[in-house]
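Listing of final-v2.txt, compact mmCIF, C-alpha atoms and all ligand atoms
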# COMPACT_ATOMS: atom_id res chain seq x y z
CA MET A 16 0.00 0.00 0.00
CA PRO A 17 1.44 3.47 -0.86
CA CYS A 18 2.51 5.86 1.91
CA GLN A 19 2.63 3.21 4.64
CA PRO A 20 4.92 4.55 7.41
CA PRO A 21 8.04 2.46 8.02
CA ALA A 22 8.04 0.24 11.09
CA VAL A 23 9.68 1.79 14.15
CA PRO A 24 12.89 -0.15 14.93
CA THR A 25 12.54 -2.24 18.06
CA THR A 26 16.14 -3.37 18.57
CA GLU A 27 18.64 -1.27 20.52
CA PRO A 28 21.69 -0.13 18.48
CA ARG A 29 24.88 -2.05 19.24
CA GLN A 30 27.17 -0.31 21.79
CA GLN A 31 30.76 -0.16 20.55
CA PRO A 32 33.57 0.80 22.95
CA LEU A 33 34.73 4.41 22.37
CA PRO A 34 38.02 4.33 20.39
CA ALA A 35 40.98 5.87 22.27
CA SER A 36 41.33 8.66 19.66
CA LEU A 37 37.76 9.74 20.46
CA SER A 38 37.96 9.42 24.26
CA TRP A 39 37.86 13.23 24.60
CA LEU A 40 34.26 13.12 23.37
CA ALA A 41 33.13 11.56 26.67
CA ASP A 42 34.29 14.68 28.56
CA GLU A 43 32.63 16.98 26.04
CA LEU A 44 29.30 15.16 26.32
CA THR A 45 29.52 15.11 30.12
CA ALA A 46 30.10 18.88 30.09
CA LEU A 47 27.07 19.41 27.85
CA ALA A 48 24.92 17.31 30.16
CA ALA A 49 26.17 19.21 33.24
CA ALA A 50 25.17 22.51 31.59
CA ASP A 51 21.70 21.15 30.63
CA LEU A 52 22.65 21.46 26.98
CA LEU A 53 22.31 17.86 25.83
CA ARG A 54 19.79 17.50 23.02
CA PRO A 55 17.49 14.48 23.10
CA ARG A 56 17.06 12.50 19.88
CA ARG A 57 13.30 12.28 19.35
CA LEU A 58 11.61 9.92 16.94
CA ARG A 59 8.60 11.23 15.06
CA ALA A 60 6.21 8.71 13.53
CA GLY A 61 4.15 9.84 10.56
CA ARG A 62 3.83 13.23 8.90
CA GLN A 63 4.11 16.70 10.38
CA ALA A 64 0.63 17.78 11.53
CA ALA A 65 -1.09 19.71 14.33
CA THR A 66 -0.46 16.71 16.57
CA VAL A 67 2.41 14.29 16.08
CA SER A 68 3.64 11.13 17.68
CA LEU A 69 7.04 11.71 19.27
CA ASP A 70 8.75 8.70 20.84
CA GLY A 71 5.39 6.95 20.68
CA THR A 72 3.40 9.69 22.49
CA PRO A 73 0.81 11.80 20.65
CA LEU A 74 1.50 15.49 21.30
CA VAL A 75 0.18 18.87 20.19
CA ASN A 76 2.96 19.96 17.85
CA VAL A 77 4.27 23.52 17.91
CA GLY A 78 7.83 22.39 17.25
CA ALA A 79 7.93 22.46 13.44
CA ASN A 80 8.30 25.25 10.89
CA ASP A 81 5.41 23.91 8.83
CA TYR A 82 3.71 27.30 8.92
CA LEU A 83 1.12 26.69 6.21
CA GLY A 84 0.56 23.01 6.94
CA TYR A 85 1.93 21.85 3.60
CA ALA A 86 4.68 19.48 4.82
CA GLY A 87 2.25 16.58 5.18
CA ASP A 88 -0.31 17.75 2.61
CA PRO A 89 -1.37 14.89 0.28
CA ARG A 90 -1.09 17.22 -2.72
CA LEU A 91 2.63 17.79 -2.07
CA VAL A 92 3.15 14.10 -1.35
CA LYS A 93 1.54 13.26 -4.70
CA ALA A 94 3.64 15.87 -6.49
CA ALA A 95 6.79 14.39 -4.92
CA ALA A 96 5.84 10.91 -6.10
CA LYS A 97 5.18 12.20 -9.63
CA GLY A 98 8.51 14.04 -9.60
CA ALA A 99 10.35 10.90 -8.58
CA CYS A 100 8.54 8.85 -11.23
CA ALA A 101 9.46 11.36 -13.92
CA GLU A 102 13.09 12.06 -12.98
CA GLY A 103 14.17 9.37 -10.54
CA ALA A 104 15.00 9.22 -6.85
CA GLY A 105 18.23 11.20 -7.12
CA ALA A 106 19.41 14.05 -9.33
CA GLY A 107 22.62 12.11 -9.87
CA ALA A 108 24.96 15.06 -10.43
CA SER A 109 25.68 18.65 -9.56
CA PRO A 110 23.42 21.16 -11.36
CA LEU A 111 26.55 22.36 -13.11
CA VAL A 112 27.05 18.98 -14.78
CA SER A 113 23.80 17.10 -15.52
CA GLY A 114 21.81 17.42 -12.27
CA HIS A 115 19.72 20.44 -13.32
CA SER A 116 16.45 19.06 -14.70
CA ALA A 117 13.17 20.29 -16.14
CA ILE A 118 11.61 20.15 -12.65
CA HIS A 119 14.44 22.28 -11.21
CA ASP A 120 14.15 24.74 -14.06
CA ALA A 121 10.40 25.16 -13.58
CA LEU A 122 10.90 25.57 -9.83
CA ALA A 123 13.52 28.30 -10.31
CA ALA A 124 11.12 30.11 -12.64
CA SER A 125 8.30 29.82 -10.07
CA VAL A 126 10.48 31.17 -7.27
CA ALA A 127 11.53 34.10 -9.49
CA ALA A 128 7.87 34.76 -10.38
CA LEU A 129 6.77 34.64 -6.73
CA LEU A 130 9.51 37.08 -5.72
CA ALA A 131 9.11 39.16 -8.91
CA THR A 132 12.84 38.88 -9.70
CA ASP A 133 14.61 38.15 -13.01
CA ASP A 134 15.84 34.74 -11.99
CA ALA A 135 16.52 32.36 -9.10
CA LEU A 136 18.91 29.57 -8.22
CA ILE A 137 17.81 26.46 -6.29
CA PHE A 138 20.14 24.98 -3.64
CA PRO A 139 19.90 21.67 -1.76
CA SER A 140 19.03 23.62 1.44
CA GLY A 141 18.56 27.12 2.79
CA TYR A 142 21.73 26.59 4.80
CA ALA A 143 23.66 25.91 1.60
CA ALA A 144 22.07 28.93 -0.11
CA ASN A 145 23.27 31.30 2.62
CA THR A 146 26.77 29.92 3.07
CA ALA A 147 27.46 29.67 -0.65
CA THR A 148 26.04 33.08 -1.53
CA LEU A 149 27.84 34.99 1.19
CA ALA A 150 31.13 33.30 0.38
CA ALA A 151 30.63 34.05 -3.33
CA LEU A 152 29.68 37.71 -2.92
CA ALA A 153 32.32 38.76 -0.39
CA GLY A 154 35.99 37.97 0.05
CA PRO A 155 39.21 39.34 1.48
CA GLY A 156 39.13 43.16 1.36
CA ASP A 157 35.33 43.27 1.60
CA LEU A 158 33.14 44.06 4.61
CA ILE A 159 30.04 42.17 5.75
CA VAL A 160 27.84 43.95 8.30
CA SER A 161 25.56 41.42 10.01
CA ASP A 162 22.79 41.50 12.65
CA ALA A 163 23.83 39.87 15.97
CA ARG A 164 20.91 37.44 15.82
CA ASN A 165 21.30 36.28 12.23
CA HIS A 166 20.92 32.56 11.58
CA ALA A 167 23.86 30.16 11.94
CA SER A 168 24.00 29.69 8.16
CA ILE A 169 24.64 33.43 7.75
CA ILE A 170 27.29 33.35 10.47
CA ASP A 171 28.98 30.40 8.77
CA GLY A 172 28.74 32.07 5.35
CA CYS A 173 30.43 35.17 6.77
CA ARG A 174 33.25 32.99 8.14
CA LEU A 175 33.63 31.12 4.85
CA SER A 176 33.88 34.36 2.87
CA ARG A 177 37.10 35.50 4.65
CA ALA A 178 35.76 39.06 4.41
CA ALA A 179 35.98 41.38 7.43
CA VAL A 180 32.80 40.82 9.46
CA ALA A 181 31.26 43.47 11.73
CA ILE A 182 28.27 42.58 13.92
CA TYR A 183 25.67 45.18 14.88
CA PRO A 184 23.33 44.85 17.89
CA HIS A 185 20.00 43.27 16.95
CA ARG A 186 17.97 45.58 14.63
CA ASP A 187 20.16 48.62 15.44
CA VAL A 188 20.26 50.47 12.11
CA ALA A 189 22.38 53.36 13.45
CA ALA A 190 25.04 50.88 14.59
CA ALA A 191 24.91 49.16 11.19
CA ALA A 192 25.40 52.55 9.50
CA ALA A 193 28.46 53.30 11.66
CA LEU A 194 30.00 49.93 10.78
CA LEU A 195 29.32 50.38 7.05
CA ALA A 196 31.44 53.54 7.14
CA ARG A 197 34.58 51.39 7.52
CA PRO A 198 36.80 51.28 4.45
CA ALA A 199 36.31 48.25 2.19
CA ARG A 200 36.40 47.22 -1.45
CA ARG A 201 32.72 46.15 -1.37
CA ARG A 202 30.13 46.18 1.41
CA LEU A 203 27.38 43.69 2.13
CA LEU A 204 24.65 44.26 4.70
CA VAL A 205 22.92 41.04 5.78
CA THR A 206 19.86 40.28 7.90
CA ASP A 207 17.16 37.70 8.50
CA SER A 208 13.76 39.26 7.76
CA LEU A 209 11.92 37.30 10.47
CA PHE A 210 14.31 36.18 13.20
CA SER A 211 13.93 32.48 13.82
CA MET A 212 14.35 32.38 17.57
CA ASP A 213 12.81 35.58 18.95
CA GLY A 214 10.09 36.15 16.33
CA THR A 215 11.14 39.77 15.71
CA ILE A 216 11.11 41.47 12.30
CA ALA A 217 14.07 43.35 10.82
CA PRO A 218 13.64 47.08 10.11
CA LEU A 219 13.74 46.40 6.38
CA ALA A 220 12.72 49.88 5.17
CA GLU A 221 15.55 51.53 7.15
CA LEU A 222 18.09 48.87 6.18
CA ALA A 223 17.09 49.20 2.53
CA GLN A 224 17.57 52.97 2.70
CA LEU A 225 20.96 52.52 4.39
CA ALA A 226 22.08 50.02 1.76
CA THR A 227 21.00 52.35 -1.04
CA GLU A 228 22.71 55.39 0.53
CA THR A 229 25.98 53.53 1.09
CA GLY A 230 25.95 51.60 -2.19
CA SER A 231 26.02 48.33 -0.23
CA MET A 232 24.63 45.00 -1.35
CA LEU A 233 21.71 43.98 0.87
CA LEU A 234 21.08 40.28 1.47
CA VAL A 235 17.82 39.42 3.22
CA ASP A 236 17.15 35.87 4.38
CA GLU A 237 13.40 35.24 4.28
CA ALA A 238 13.53 31.62 5.54
CA HIS A 239 10.69 32.11 8.03
CA ALA A 240 8.75 34.75 6.09
CA THR A 241 8.40 33.18 2.64
CA GLY A 242 4.80 32.05 2.20
CA VAL A 243 3.66 33.82 5.37
CA PHE A 244 3.99 37.57 4.68
CA GLY A 245 3.19 39.83 1.76
CA SER A 246 0.03 39.93 -0.31
CA ARG A 247 1.57 37.53 -2.86
CA GLY A 248 3.09 35.53 -0.01
CA SER A 249 6.68 36.17 -1.07
CA GLY A 250 7.76 37.50 2.34
CA LEU A 251 8.54 40.58 4.35
CA VAL A 252 10.59 42.27 1.62
CA GLU A 253 7.41 42.41 -0.43
CA ALA A 254 5.33 43.45 2.61
CA ALA A 255 7.76 46.31 3.36
CA GLY A 256 7.75 47.45 -0.29
CA VAL A 257 11.57 47.30 -0.58
CA GLU A 258 11.92 44.77 -3.39
CA THR A 259 14.12 46.96 -5.56
CA ALA A 260 16.57 47.84 -2.76
CA VAL A 261 17.07 44.25 -1.59
CA THR A 262 19.61 43.04 -4.11
CA VAL A 263 20.04 39.47 -2.83
CA ARG A 264 16.99 37.53 -1.64
CA VAL A 265 17.54 34.19 0.06
CA GLY A 266 14.87 31.81 1.25
CA THR A 267 14.07 28.22 1.95
CA LEU A 268 11.58 25.73 0.55
CA SER A 269 11.70 23.72 3.80
CA LYS A 270 9.41 25.76 6.04
CA ALA A 271 6.13 27.32 4.83
CA VAL A 272 6.61 25.85 1.35
CA GLY A 273 6.52 22.38 2.92
CA SER A 274 9.37 20.62 1.12
CA ALA A 275 13.16 21.08 1.18
CA GLY A 276 15.77 23.20 -0.55
CA GLY A 277 16.93 26.80 -0.58
CA PHE A 278 16.97 29.58 -3.13
CA VAL A 279 18.61 32.85 -4.06
CA ALA A 280 16.69 35.26 -6.25
CA GLY A 281 17.57 38.57 -7.84
CA HIS A 282 18.96 40.23 -10.96
CA ARG A 283 19.91 37.86 -13.77
CA SER A 284 23.59 38.87 -13.47
CA LEU A 285 23.58 37.97 -9.78
CA VAL A 286 22.17 34.53 -10.56
CA GLU A 287 24.56 34.05 -13.47
CA PHE A 288 27.51 34.98 -11.24
CA LEU A 289 26.37 32.58 -8.51
CA ARG A 290 26.17 29.77 -11.06
CA HIS A 291 29.93 30.24 -11.46
CA ARG A 292 30.91 30.99 -7.88
CA ALA A 293 28.41 29.51 -5.39
CA ARG A 294 30.31 26.42 -4.31
CA ALA A 295 27.39 24.60 -2.61
CA TRP A 296 25.51 24.84 -5.92
CA MET A 297 28.49 23.87 -8.06
CA PHE A 298 29.92 21.07 -5.94
CA SER A 299 26.87 19.42 -4.39
CA THR A 300 24.37 17.09 -6.06
CA ALA A 301 21.23 18.90 -7.19
CA HIS A 302 18.11 18.86 -5.08
CA PRO A 303 16.24 15.50 -5.41
CA PRO A 304 13.48 15.76 -8.07
CA ALA A 305 10.80 14.66 -5.57
CA ALA A 306 11.69 17.54 -3.22
CA ALA A 307 11.78 20.03 -6.10
CA ALA A 308 8.39 18.86 -7.40
CA ALA A 309 6.85 19.09 -3.91
CA ALA A 310 8.30 22.59 -3.51
CA GLN A 311 6.78 23.59 -6.84
CA CYS A 312 3.40 22.33 -5.60
CA GLY A 313 3.85 24.24 -2.29
CA ILE A 314 4.58 27.47 -4.17
CA ASP A 315 1.55 27.00 -6.42
CA LEU A 316 -0.65 26.32 -3.37
CA LEU A 317 0.53 29.27 -1.31
CA ALA A 318 -0.34 31.53 -4.23
CA ALA A 319 -3.78 29.90 -4.57
CA GLU A 320 -4.53 29.74 -0.82
CA PRO A 321 -3.78 33.16 0.69
CA PHE A 322 -6.36 32.43 3.41
CA ARG A 323 -3.84 30.11 5.09
CA ARG A 324 -1.31 32.87 5.79
CA GLN A 325 -4.05 35.37 6.69
CA LEU A 326 -5.63 33.04 9.24
CA LEU A 327 -2.24 32.02 10.64
CA LEU A 328 -1.20 35.63 11.25
CA GLU A 329 -4.58 36.59 12.76
CA ARG A 330 -4.47 33.66 15.17
CA ALA A 331 -0.83 34.39 16.02
CA THR A 332 -1.73 37.98 16.96
CA ALA A 333 -4.55 36.82 19.27
CA PHE A 334 -2.33 34.10 20.78
CA ARG A 335 0.50 36.55 21.57
CA GLN A 336 -1.98 38.98 23.08
CA ARG A 337 -3.37 36.37 25.47
CA LEU A 338 0.08 35.24 26.60
CA ARG A 339 1.23 38.83 27.14
CA GLN A 340 -1.93 39.68 29.10
CA ALA A 341 -1.14 36.71 31.36
CA GLY A 342 2.31 38.21 32.03
CA LEU A 343 4.45 35.85 29.94
CA ALA A 344 7.64 37.38 28.53
CA LEU A 345 7.48 37.34 24.73
CA GLY A 346 10.00 40.12 24.10
CA GLU A 347 9.16 41.97 20.90
CA ALA A 348 7.83 38.96 18.99
CA GLU A 349 5.43 39.97 16.26
CA ALA A 350 4.83 36.97 14.00
CA GLN A 351 3.94 33.28 13.95
CA ILE A 352 7.13 32.44 15.87
CA VAL A 353 6.29 33.05 19.52
CA PRO A 354 9.11 32.77 22.07
CA VAL A 355 8.34 32.52 25.77
CA PHE A 356 11.52 33.72 27.47
CA ILE A 357 12.52 31.61 30.45
CA GLY A 358 16.20 32.42 31.14
CA GLU A 359 18.28 29.51 32.35
CA PRO A 360 18.45 26.30 30.27
CA ARG A 361 17.50 24.01 33.19
CA ARG A 362 14.29 25.93 33.82
CA ALA A 363 13.38 25.91 30.11
CA VAL A 364 14.02 22.16 29.91
CA THR A 365 11.97 21.50 33.06
CA ILE A 366 8.96 23.45 31.80
CA ALA A 367 9.20 21.83 28.35
CA ALA A 368 9.23 18.39 30.02
CA ARG A 369 6.14 19.24 32.07
CA LEU A 370 4.36 20.53 28.98
CA MET A 371 5.24 17.30 27.25
CA GLN A 372 3.71 15.29 30.11
CA ALA A 373 0.59 17.41 29.64
CA GLY A 374 0.52 16.54 25.90
CA PHE A 375 2.27 19.54 24.29
CA PHE A 376 5.53 19.53 22.34
CA VAL A 377 7.04 22.99 22.88
CA PRO A 378 10.80 22.82 22.30
CA ALA A 379 13.18 24.41 24.80
CA ILE A 380 15.71 26.51 22.89
CA ARG A 381 19.07 26.90 24.60
CA PRO A 382 22.56 28.21 23.79
CA PRO A 383 24.15 28.17 21.26
CA SER A 384 20.84 28.70 19.40
CA VAL A 385 20.17 31.72 21.65
CA PRO A 386 22.51 33.86 23.79
CA GLU A 387 23.44 32.71 27.32
CA GLY A 388 20.71 33.49 29.85
CA SER A 389 17.93 33.76 27.27
CA SER A 390 16.75 30.19 26.93
CA LEU A 391 13.16 30.06 25.78
CA LEU A 392 10.23 27.92 24.80
CA ARG A 393 9.64 28.35 21.09
CA VAL A 394 6.10 28.09 19.78
CA SER A 395 5.94 27.83 15.97
CA LEU A 396 2.36 28.32 14.94
CA SER A 397 0.89 26.72 11.86
CA TYR A 398 -2.27 27.18 9.84
CA LEU A 399 -3.14 23.68 11.10
CA HIS A 400 -3.52 24.91 14.70
CA ASP A 401 -7.18 25.76 15.09
CA GLU A 402 -8.66 27.97 17.79
CA ALA A 403 -9.65 25.09 20.09
CA LEU A 404 -6.09 23.76 20.03
CA LEU A 405 -4.64 27.24 20.61
CA ASP A 406 -6.95 27.67 23.62
CA GLN A 407 -5.61 24.47 25.16
CA LEU A 408 -2.03 25.50 24.43
CA THR A 409 -2.54 28.98 25.91
CA THR A 410 -3.95 27.54 29.14
CA ALA A 411 -1.14 24.99 29.42
CA LEU A 412 1.62 27.54 28.76
CA ILE A 413 0.26 30.07 31.22
CA SER A 414 -0.16 27.45 33.91
CA HIS A 415 3.23 25.73 33.49
CA VAL A 416 5.32 28.88 33.01
CA SER A 417 3.64 30.72 35.92
CA HIS A 418 3.90 27.74 38.30
CA ALA A 419 7.55 27.27 37.53
CA SER A 420 8.42 30.83 38.65
C1 LIG B 1 16.88 32.14 9.15
C2 LIG B 1 17.22 30.81 8.55
N1 LIG B 1 17.93 30.78 7.42
C3 LIG B 1 18.25 29.61 6.83
C4 LIG B 1 17.88 28.41 7.38
C5 LIG B 1 18.28 27.13 6.71
O1 LIG B 1 17.24 26.62 5.96
P1 LIG B 1 17.17 25.06 5.62
O2 LIG B 1 16.51 24.41 6.79
O3 LIG B 1 16.38 24.98 4.37
O4 LIG B 1 18.58 24.59 5.43
C6 LIG B 1 17.13 28.39 8.55
C7 LIG B 1 16.71 27.09 9.11
O5 LIG B 1 16.30 26.92 10.22
C8 LIG B 1 16.80 29.62 9.17
O6 LIG B 1 16.11 29.64 10.31
Let me see whether you can do it: turn the structure in this file into C-alpha cells.
Amino acid sequence: MPCQPPAVPTTEPRQQPLPASLSWLADELTALAAADLLRPRRLRAGRQAATVSLDGTPLVNVGANDYLGYAGDPRLVKAAAKGACAEGAGAGASPLVSGHSAIHDALAASVAALLATDDALIFPSGYAANTATLAALAGPGDLIVSDARNHASIIDGCRLSRAAVAIYPHRDVAAAAALLARPARRRLLVTDSLFSMDGTIAPLAELAQLATETGSMLLVDEAHATGVFGSRGSGLVEAAGVETAVTVRVGTLSKAVGSAGGFVAGHRSLVEFLRHRARAWMFSTAHPPAAAAAAQCGIDLLAAEPFRRQLLLERATAFRQRLRQAGLALGEAEAQIVPVFIGEPRRAVTIAARLMQAGFFVPAIRPPSVPEGSSLLRVSLSYLHDEALLDQLTTALISHVSHAS
C-alpha cells in the first residue's frame, strides 16, 4: 500500500567501545549534560501535523516550521511521487554537470515569479544557499555587516567568505550605519527578515535605505517569512515594499513551502555569477526531483490559498496577546514564531518536560541557538492549529510557566 509509514525499529543499536582517539568526546558530552545542553534525539512517527507522535506519544505539535501546513499535505506528497517517477530518486549530479532538470528549471522560474525577480537559483538547502552566496559575494578586502541574531547559516557564510565581518546589535540600524562607514572594497549588509528564535522582524525599510545610501549590497534571508507575509506571499521584503533595494533575496523551501531546498533570487547577473561561484551549488548534487516537485506544488498552493497565511497571522496575533496579558515574557515577537523567554536552560528544559507530560511539544531553545541566559520555549504556529487547540495550548503555557516561577 502506498505511503505506509516504516516500522519503528525495536532493537537497541549495538554499543561499541569508544576508540581511544575519540575518548575526549566523553568529557565533552559530560560537560554538555552538566550545563543542561544535551539535546534528546526524538523519533517522530508519521507526517508533520497539528499533533504528532514523538517517541510513541501523541503530542500537540508547535515544534515544526510547517507554517502553512503543507509538509504533510497529500497534494505535495503526490507531487513528490510524480517528480520521482518522472526524474528518478536522485538528481545524480551537480546542477553544473547534468543534475539540473526540467523540474528544477520550472521551480527556479516559479520562485523568481513569486519574488518578482529576473531569476533564481535552487540549492539543496537554505543553509547551503546562505553559506554559498555569502562566500561568493564577499571575500578578502570586503566588509560584511551582520545583525547579531542572524541565523547560523549566515554566520557560517560570513566565516567562509574570509571578508571582514562586523556585527551590529539586533535591529540597530544606526550601529549598522556606523559599521558600514569602515573602508572596504565592497560592502554587504545582511539580515534575517523574520528572526527564527525571537520572532522579531528586521527594520527592512531603514536597512534598505541605508544600503542604497551607502551603495552596499543587501542580502535578506526570508527563511521564516516566505509564504507567510506579503500579499503575494513572497515574504517581508514584499510586505515592506523594498523589493528593488534588496539586491540578494535568500529563502528556503523547507518551512512554509513544505518541502526542502533553498533559493537565491535577484537580478539575472547575480544569478549568473552565482552559477559560477556559489560552491554549494556547483559542488553538491542537485536537489532531489521529488523535493523540487513538492516545492513547486507548495509554491503554487501558497499563491492559490492566501487564506492560510491570513488566518495564521490573525491567530498568532490573538495568541501573543493572550500570553502577554497573562504576564508571559514574549520580548518583541510579532509573528507566527512566539518565544516565551525563560532564562536559564534548566528551567526551560523542566517546563518543556512538564508541557510534554501534559501533551504539548514545545521545544526548549538553549545556547548556542540563543545567547546565554535567554533560553526560551519556542512556539511555531501553523495554519493547522485551530482555535480550540490554541486555547488548550494557551492555558497549558500560562499554567506551566507561571507555576515554575
Ligand atoms: C533564518 C534561517 N535561514 C536559513 C535556514 C536554513 O534553511 P534550511 O533548513 O532549508 O537549510 C534556517 C533554518 O532553520 C533559518 O532559520
Give me the residues of chain A that have any atom at most 8 Å from an atom of ligand LIG 1 (chain B); for each, the nearest atom pair and the distance in Å, rounded to one decimal. Use all atoms listed in the file, sort by chain and number, and format it as a Markdown table.
| residue | atom | partner | partner_atom | distance |
| --- | --- | --- | --- | --- |
| A:Pro139 | CA | B:LIG1 | O3 | 7.8 |
| A:Ser140 | CA | B:LIG1 | O4 | 4.1 |
| A:Gly141 | CA | B:LIG1 | O3 | 3.4 |
| A:Tyr142 | CA | B:LIG1 | O4 | 3.8 |
| A:Ala143 | CA | B:LIG1 | O4 | 6.5 |
| A:Ala144 | CA | B:LIG1 | O4 | 7.9 |
| A:Asn145 | CA | B:LIG1 | C3 | 6.8 |
| A:Asn165 | CA | B:LIG1 | C1 | 6.8 |
| A:His166 | CA | B:LIG1 | C1 | 4.7 |
| A:Ala167 | CA | B:LIG1 | N1 | 7.5 |
| A:Ser168 | CA | B:LIG1 | C3 | 5.9 |
| A:Ile169 | CA | B:LIG1 | N1 | 7.2 |
| A:Asp207 | CA | B:LIG1 | C1 | 5.6 |
| A:Ser208 | CA | B:LIG1 | C1 | 7.9 |
| A:Leu209 | CA | B:LIG1 | C1 | 7.3 |
| A:Phe210 | CA | B:LIG1 | C1 | 6.3 |
| A:Ser211 | CA | B:LIG1 | O6 | 5.0 |
| A:Met212 | CA | B:LIG1 | O6 | 8.0 |
| A:Asp236 | CA | B:LIG1 | N1 | 6.0 |
| A:Glu237 | CA | B:LIG1 | C1 | 6.7 |
| A:Ala238 | CA | B:LIG1 | C2 | 4.8 |
| A:His239 | CA | B:LIG1 | C1 | 6.3 |
| A:Gly266 | CA | B:LIG1 | C3 | 6.9 |
| A:Thr267 | CA | B:LIG1 | O3 | 4.7 |
| A:Leu268 | CA | B:LIG1 | O3 | 6.2 |
| A:Ser269 | CA | B:LIG1 | O3 | 4.9 |
| A:Lys270 | CA | B:LIG1 | O3 | 7.2 |
| A:Ala275 | CA | B:LIG1 | O3 | 6.0 |
| A:Gly276 | CA | B:LIG1 | O3 | 5.3 |
| A:Gly277 | CA | B:LIG1 | O3 | 5.3 |
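Taking all atoms listed in the file into account, Glu258 (chain A) lies nearest to A:Leu130 out of the set A:Ala319, A:Gln30, A:Pro218, A:Leu130.
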List every residue of region 258-322 of chain A that has an atom at most 12 Å from any atom of region 200-205 of chain A, and for each one report the closest atom pair and its distance in Å to one decimal, counting all atoms listed in the file, with rows sorted by chain and then by increasing residue number, as a tab-separated table.
residue	atom	partner	partner_atom	distance
A:Ala260	CA	A:Leu204	CA	11.6
A:Val261	CA	A:Leu204	CA	9.8
A:Thr262	CA	A:Leu203	CA	10.0
A:Val263	CA	A:Val205	CA	9.2
A:Arg264	CA	A:Val205	CA	10.1
A:Val265	CA	A:Val205	CA	10.4
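Coordinates place CA of Val286 (chain A) at a distance of 8.7 Å from CA of Asp133 (chain A).
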>> My list of candidates is A:Ala293, A:Ala333, A:Ala271, A:Val252. Which is closest to Asp88 (chain A) when distances are computed with all atoms listed in the file?
In response: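 So, comparing all the options, the nearest one is A:Ala271.
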> Any idea what the distance is between CA of Glu287 (chain A) and CA of Ala135 (chain A)?
Replying inline: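 Computing it gives 9.3 Å between the two atoms.
Closest to Gln63 (chain A) among A:Leu399, A:Ala309, A:Leu195, A:Phe278 is A:Leu399, based on only C-alpha atoms.
Near (41.8, 45.0, -0.9), the residues that fall inside 9 Å on the basis of only C-alpha atoms are A:Pro155, A:Gly156, A:Asp157, A:Ala199, A:Arg200.
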> CA of Leu317 (chain A) and CA of Leu392 (chain A) are how many Å apart?
Replying inline: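 Between CA of Leu317 (chain A) and CA of Leu392 (chain A) the gap is 27.9 Å.
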For region 386-400 of chain A, supply N, CA and C atoms and format the output as a CSV table (one decimal), in the coordinates of the input.
chain,number,residue,atom,x,y,z
A,386,PRO,N,21.4,33.4,22.9
A,386,PRO,CA,22.5,33.9,23.8
A,386,PRO,C,22.3,33.3,25.2
A,387,GLU,N,23.5,33.2,25.9
A,387,GLU,CA,23.4,32.7,27.3
A,387,GLU,C,22.4,33.5,28.1
A,388,GLY,N,21.7,32.8,29.0
A,388,GLY,CA,20.7,33.5,29.8
A,388,GLY,C,19.4,33.8,29.2
A,389,SER,N,19.2,33.5,27.9
A,389,SER,CA,17.9,33.8,27.3
A,389,SER,C,17.3,32.5,26.7
A,390,SER,N,17.4,31.4,27.4
A,390,SER,CA,16.8,30.2,26.9
A,390,SER,C,15.2,30.4,26.9
A,391,LEU,N,14.6,29.8,26.0
A,391,LEU,CA,13.2,30.1,25.8
A,391,LEU,C,12.4,28.8,25.3
A,392,LEU,N,11.1,28.9,25.4
A,392,LEU,CA,10.2,27.9,24.8
A,392,LEU,C,9.8,28.5,23.5
A,393,ARG,N,10.0,27.8,22.4
A,393,ARG,CA,9.6,28.4,21.1
A,393,ARG,C,8.4,27.7,20.5
A,394,VAL,N,7.4,28.6,20.4
A,394,VAL,CA,6.1,28.1,19.8
A,394,VAL,C,6.1,28.5,18.3
A,395,SER,N,6.1,27.5,17.4
A,395,SER,CA,5.9,27.8,16.0
A,395,SER,C,4.5,27.5,15.6
A,396,LEU,N,3.8,28.5,15.3
A,396,LEU,CA,2.4,28.3,14.9
A,396,LEU,C,2.2,27.9,13.5
A,397,SER,N,1.2,27.2,13.2
A,397,SER,CA,0.9,26.7,11.9
A,397,SER,C,-0.6,27.0,11.6
A,398,TYR,N,-0.9,27.1,10.3
A,398,TYR,CA,-2.3,27.2,9.8
A,398,TYR,C,-3.1,26.0,10.4
A,399,LEU,N,-2.4,24.9,10.6
A,399,LEU,CA,-3.1,23.7,11.1
A,399,LEU,C,-3.6,23.8,12.5
A,400,HIS,N,-3.1,24.8,13.3
A,400,HIS,CA,-3.5,24.9,14.7
A,400,HIS,C,-4.8,25.7,14.8
